[in-house]
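Containing compact mmCIF, C-alpha atoms: structure_36.txt.
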```txt
# COMPACT_ATOMS: atom_id res chain seq x y z
CA MET J 1242 19.87 133.75 121.58
CA VAL J 1243 20.07 137.29 120.36
CA ILE J 1244 23.42 138.97 120.03
CA ARG J 1245 22.89 141.21 123.07
CA ALA J 1246 22.26 138.25 125.38
CA LEU J 1247 25.28 136.44 123.92
CA ALA J 1248 27.44 139.51 124.49
CA ILE J 1249 26.33 139.71 128.12
CA GLU J 1250 27.10 136.03 128.65
CA LEU J 1251 30.49 136.50 126.97
CA TYR J 1252 31.29 139.40 129.31
CA ARG J 1253 30.39 137.29 132.35
CA ALA J 1254 32.49 134.40 131.07
CA GLN J 1255 35.46 136.72 130.53
CA GLN J 1256 35.10 138.04 134.08
CA LYS J 1257 35.04 134.49 135.41
CA VAL J 1258 38.19 133.59 133.47
CA HIS J 1259 39.94 136.70 134.79
CA THR J 1260 38.89 135.93 138.36
CA LEU J 1261 40.08 132.33 138.08
CA GLN J 1262 43.43 133.48 136.69
CA GLU J 1263 43.91 135.76 139.69
CA GLN J 1264 42.89 132.99 142.09
CA LEU J 1265 45.32 130.59 140.42
CA GLU J 1266 48.22 132.99 140.92
CA GLU J 1267 47.47 133.36 144.64
CA ALA J 1268 46.36 129.80 145.38
CA PRO J 1269 48.39 127.34 147.40
CA LEU J 1270 49.93 124.44 145.52
CA SER J 1271 47.28 121.99 146.73
CA GLU J 1272 44.45 123.94 145.05
CA LYS J 1273 46.17 124.80 141.77
CA ASP J 1274 45.18 121.61 139.92
CA SER J 1275 41.47 122.05 140.55
CA LEU J 1276 41.67 125.74 139.64
CA ARG J 1277 43.52 124.92 136.41
CA GLN J 1278 40.76 122.49 135.43
CA GLU J 1279 38.08 125.04 136.22
CA LEU J 1280 40.01 127.68 134.27
CA ARG J 1281 40.25 125.37 131.24
CA THR J 1282 36.50 124.81 131.32
CA ALA J 1283 35.76 128.52 131.72
CA THR J 1284 38.15 129.42 128.89
CA ALA J 1285 36.52 126.89 126.58
CA GLU J 1286 33.08 128.31 127.40
CA CYS J 1287 34.37 131.84 126.78
CA ASP J 1288 35.84 130.84 123.41
CA GLN J 1289 32.60 129.16 122.38
CA LEU J 1290 30.56 132.24 123.30
CA ARG J 1291 33.02 134.47 121.42
CA ARG J 1292 32.61 132.33 118.29
CA MET J 1293 28.82 132.48 118.64
CA VAL J 1294 28.89 136.29 118.90
CA GLU J 1295 31.14 136.53 115.86
CA ALA J 1296 28.85 134.20 113.91
CA LYS J 1297 25.82 136.34 114.78
CA LYS J 1298 27.62 139.47 113.59
CA GLN J 1299 28.49 137.99 110.19
CA ARG J 1300 26.06 138.22 107.32
CA PRO J 1301 24.82 134.83 106.08
CA LEU J 1302 26.48 133.51 102.93
CA TYR J 1303 23.15 132.46 101.45
CA ARG J 1304 19.92 134.30 100.74
CA THR J 1305 17.43 134.16 103.56
CA SER J 1306 14.67 135.95 101.66
CA HIS J 1307 13.34 136.15 98.13
CA LYS J 1308 12.89 139.89 98.30
CA TYR J 1309 15.17 142.16 96.34
CA ASP J 1310 18.29 143.01 98.33
CA PRO J 1311 20.70 145.49 96.75
CA GLY J 1312 23.50 144.05 98.93
CA PHE J 1313 23.67 140.93 96.74
```
Mind turning this structure into structure tokens?
Amino acid sequence: MVIRALAIELYRAQQKVHTLQEQLEEAPLSEKDSLRQELRTATAECDQLRRMVEAKKQRPLYRTSHKYDPGF
């Protein structure tokens, strides 16, 4: 995935986490357990996407080309 698509997915995941947090605060006691589980899953997905975006933004530690690169 390109960084733009990852960023869009991250934004959607963050919105989902925020929505679930609001639902959890207003939910009756009988629904809180299922919402907590769903929130844990959504948070894990959001964290994974955030790490993927950060990894895409970082420059690789190894050379990916044999051309001259003044950055090295």
Residue neighbourhood Lys1298 in chain J, 9 Å, all atoms listed in the file, exclusion window fewer than 4 positions, as an MDAnalysis selection string:
chainID J and resid 1244 1293:1294
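Closest approach to Ala1283 in chain J among J:Ala1296, J:Ile1249, J:Leu1270, J:Leu1261 is made by J:Leu1261 (distances from only C-alpha atoms).
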re CA of Gln1278 in chain J and CA of Leu1247 in chain J: distance 23.8 Å
Just want the 12 Å neighbourhood of Lys1297 in chain J, counted on only C-alpha atoms, with same-chain residues fewer than 3 positions away dropped. Output as a list in words.
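So the residues in contact are Met1242, Val1243, Ile1244, Arg1245, Ala1246, Leu1247, Ala1248, Leu1290, Arg1291, Arg1292, Met1293, Val1294, Arg1300 and Pro1301 of chain J.
As for CA of Arg1277 in chain J and CA of Glu1295 in chain J, they are spaced 26.7 Å apart.
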Point-to-point distance in Å for CA of Asp1288 in chain J and CA of Glu1267 in chain J
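These atoms are spaced 24.3 Å apart.
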Within 12 Å of file point (38.5, 127.9, 134.8), counting all atoms listed in the file, expressed as a PyMOL selection string:
chain J and resi 1254-1265+1273-1287
Given 6 Å of margin on each side, can you work out the centre and size in Å (one decimal) of an axis-aligned box holding every listed atom of range 1275-1290 of chain J, as JSON?
```
{"center_x": 37.0, "center_y": 127.1, "center_z": 131.5, "size_x": 25.0, "size_y": 22.2, "size_z": 30.2}
```
Taking the partial coordinates given, rebuild range 1244-1271 of chain J to contain N, CA and C atoms; return it as a short mmCIF file (atom, residue, chain, number, x, y, z; two decimals), keeping the file's coordinate frame.
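Writing done, so here's part.cif:
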```
data_model
loop_
_atom_site.label_atom_id
_atom_site.label_comp_id
_atom_site.auth_asym_id
_atom_site.auth_seq_id
_atom_site.Cartn_x
_atom_site.Cartn_y
_atom_site.Cartn_z
N ILE J 1244 22.02 138.59 119.88
CA ILE J 1244 23.42 138.97 120.03
C ILE J 1244 23.68 139.70 121.36
N ARG J 1245 22.70 140.49 121.81
CA ARG J 1245 22.89 141.21 123.07
C ARG J 1245 23.04 140.24 124.25
N ALA J 1246 22.19 139.24 124.30
CA ALA J 1246 22.26 138.25 125.38
C ALA J 1246 23.57 137.46 125.30
N LEU J 1247 24.00 137.14 124.09
CA LEU J 1247 25.28 136.44 123.92
C LEU J 1247 26.44 137.31 124.40
N ALA J 1248 26.37 138.60 124.08
CA ALA J 1248 27.44 139.51 124.49
C ALA J 1248 27.50 139.63 126.01
N ILE J 1249 26.36 139.65 126.65
CA ILE J 1249 26.33 139.71 128.12
C ILE J 1249 26.93 138.44 128.72
N GLU J 1250 26.55 137.30 128.17
CA GLU J 1250 27.10 136.03 128.65
C GLU J 1250 28.61 135.96 128.41
N LEU J 1251 29.06 136.48 127.27
CA LEU J 1251 30.49 136.50 126.97
C LEU J 1251 31.23 137.36 127.99
N TYR J 1252 30.67 138.51 128.32
CA TYR J 1252 31.29 139.40 129.31
C TYR J 1252 31.41 138.69 130.66
N ARG J 1253 30.35 138.02 131.07
CA ARG J 1253 30.39 137.29 132.35
C ARG J 1253 31.43 136.17 132.32
N ALA J 1254 31.51 135.48 131.20
CA ALA J 1254 32.49 134.40 131.07
C ALA J 1254 33.91 134.96 131.12
N GLN J 1255 34.14 136.10 130.49
CA GLN J 1255 35.46 136.72 130.53
C GLN J 1255 35.82 137.15 131.94
N GLN J 1256 34.85 137.67 132.68
CA GLN J 1256 35.10 138.04 134.08
C GLN J 1256 35.46 136.81 134.91
N LYS J 1257 34.76 135.71 134.67
CA LYS J 1257 35.04 134.49 135.41
C LYS J 1257 36.45 133.98 135.11
N VAL J 1258 36.84 134.02 133.85
CA VAL J 1258 38.19 133.59 133.47
C VAL J 1258 39.23 134.47 134.16
N HIS J 1259 39.00 135.77 134.15
CA HIS J 1259 39.94 136.70 134.79
C HIS J 1259 40.04 136.43 136.29
N THR J 1260 38.91 136.22 136.93
CA THR J 1260 38.89 135.93 138.36
C THR J 1260 39.64 134.63 138.67
N LEU J 1261 39.40 133.61 137.86
CA LEU J 1261 40.08 132.33 138.08
C LEU J 1261 41.58 132.45 137.87
N GLN J 1262 42.00 133.26 136.91
CA GLN J 1262 43.43 133.48 136.69
C GLN J 1262 44.07 134.13 137.91
N GLU J 1263 43.39 135.11 138.49
CA GLU J 1263 43.91 135.76 139.69
C GLU J 1263 43.96 134.78 140.86
N GLN J 1264 42.92 133.97 141.01
CA GLN J 1264 42.89 132.99 142.09
C GLN J 1264 44.00 131.97 141.93
N LEU J 1265 44.27 131.58 140.69
CA LEU J 1265 45.32 130.59 140.42
C LEU J 1265 46.69 131.13 140.82
N GLU J 1266 46.93 132.40 140.56
CA GLU J 1266 48.22 132.99 140.92
C GLU J 1266 48.43 133.02 142.43
N GLU J 1267 47.36 133.22 143.19
CA GLU J 1267 47.47 133.36 144.64
C GLU J 1267 47.20 132.07 145.40
N ALA J 1268 46.77 131.04 144.71
CA ALA J 1268 46.36 129.80 145.38
C ALA J 1268 47.56 128.99 145.87
N PRO J 1269 47.34 128.27 146.96
CA PRO J 1269 48.39 127.34 147.40
C PRO J 1269 48.51 126.17 146.41
N LEU J 1270 49.63 125.51 146.46
CA LEU J 1270 49.93 124.44 145.52
C LEU J 1270 48.87 123.34 145.51
N SER J 1271 48.26 123.07 146.65
CA SER J 1271 47.28 121.99 146.73
C SER J 1271 45.99 122.30 145.96
#
```
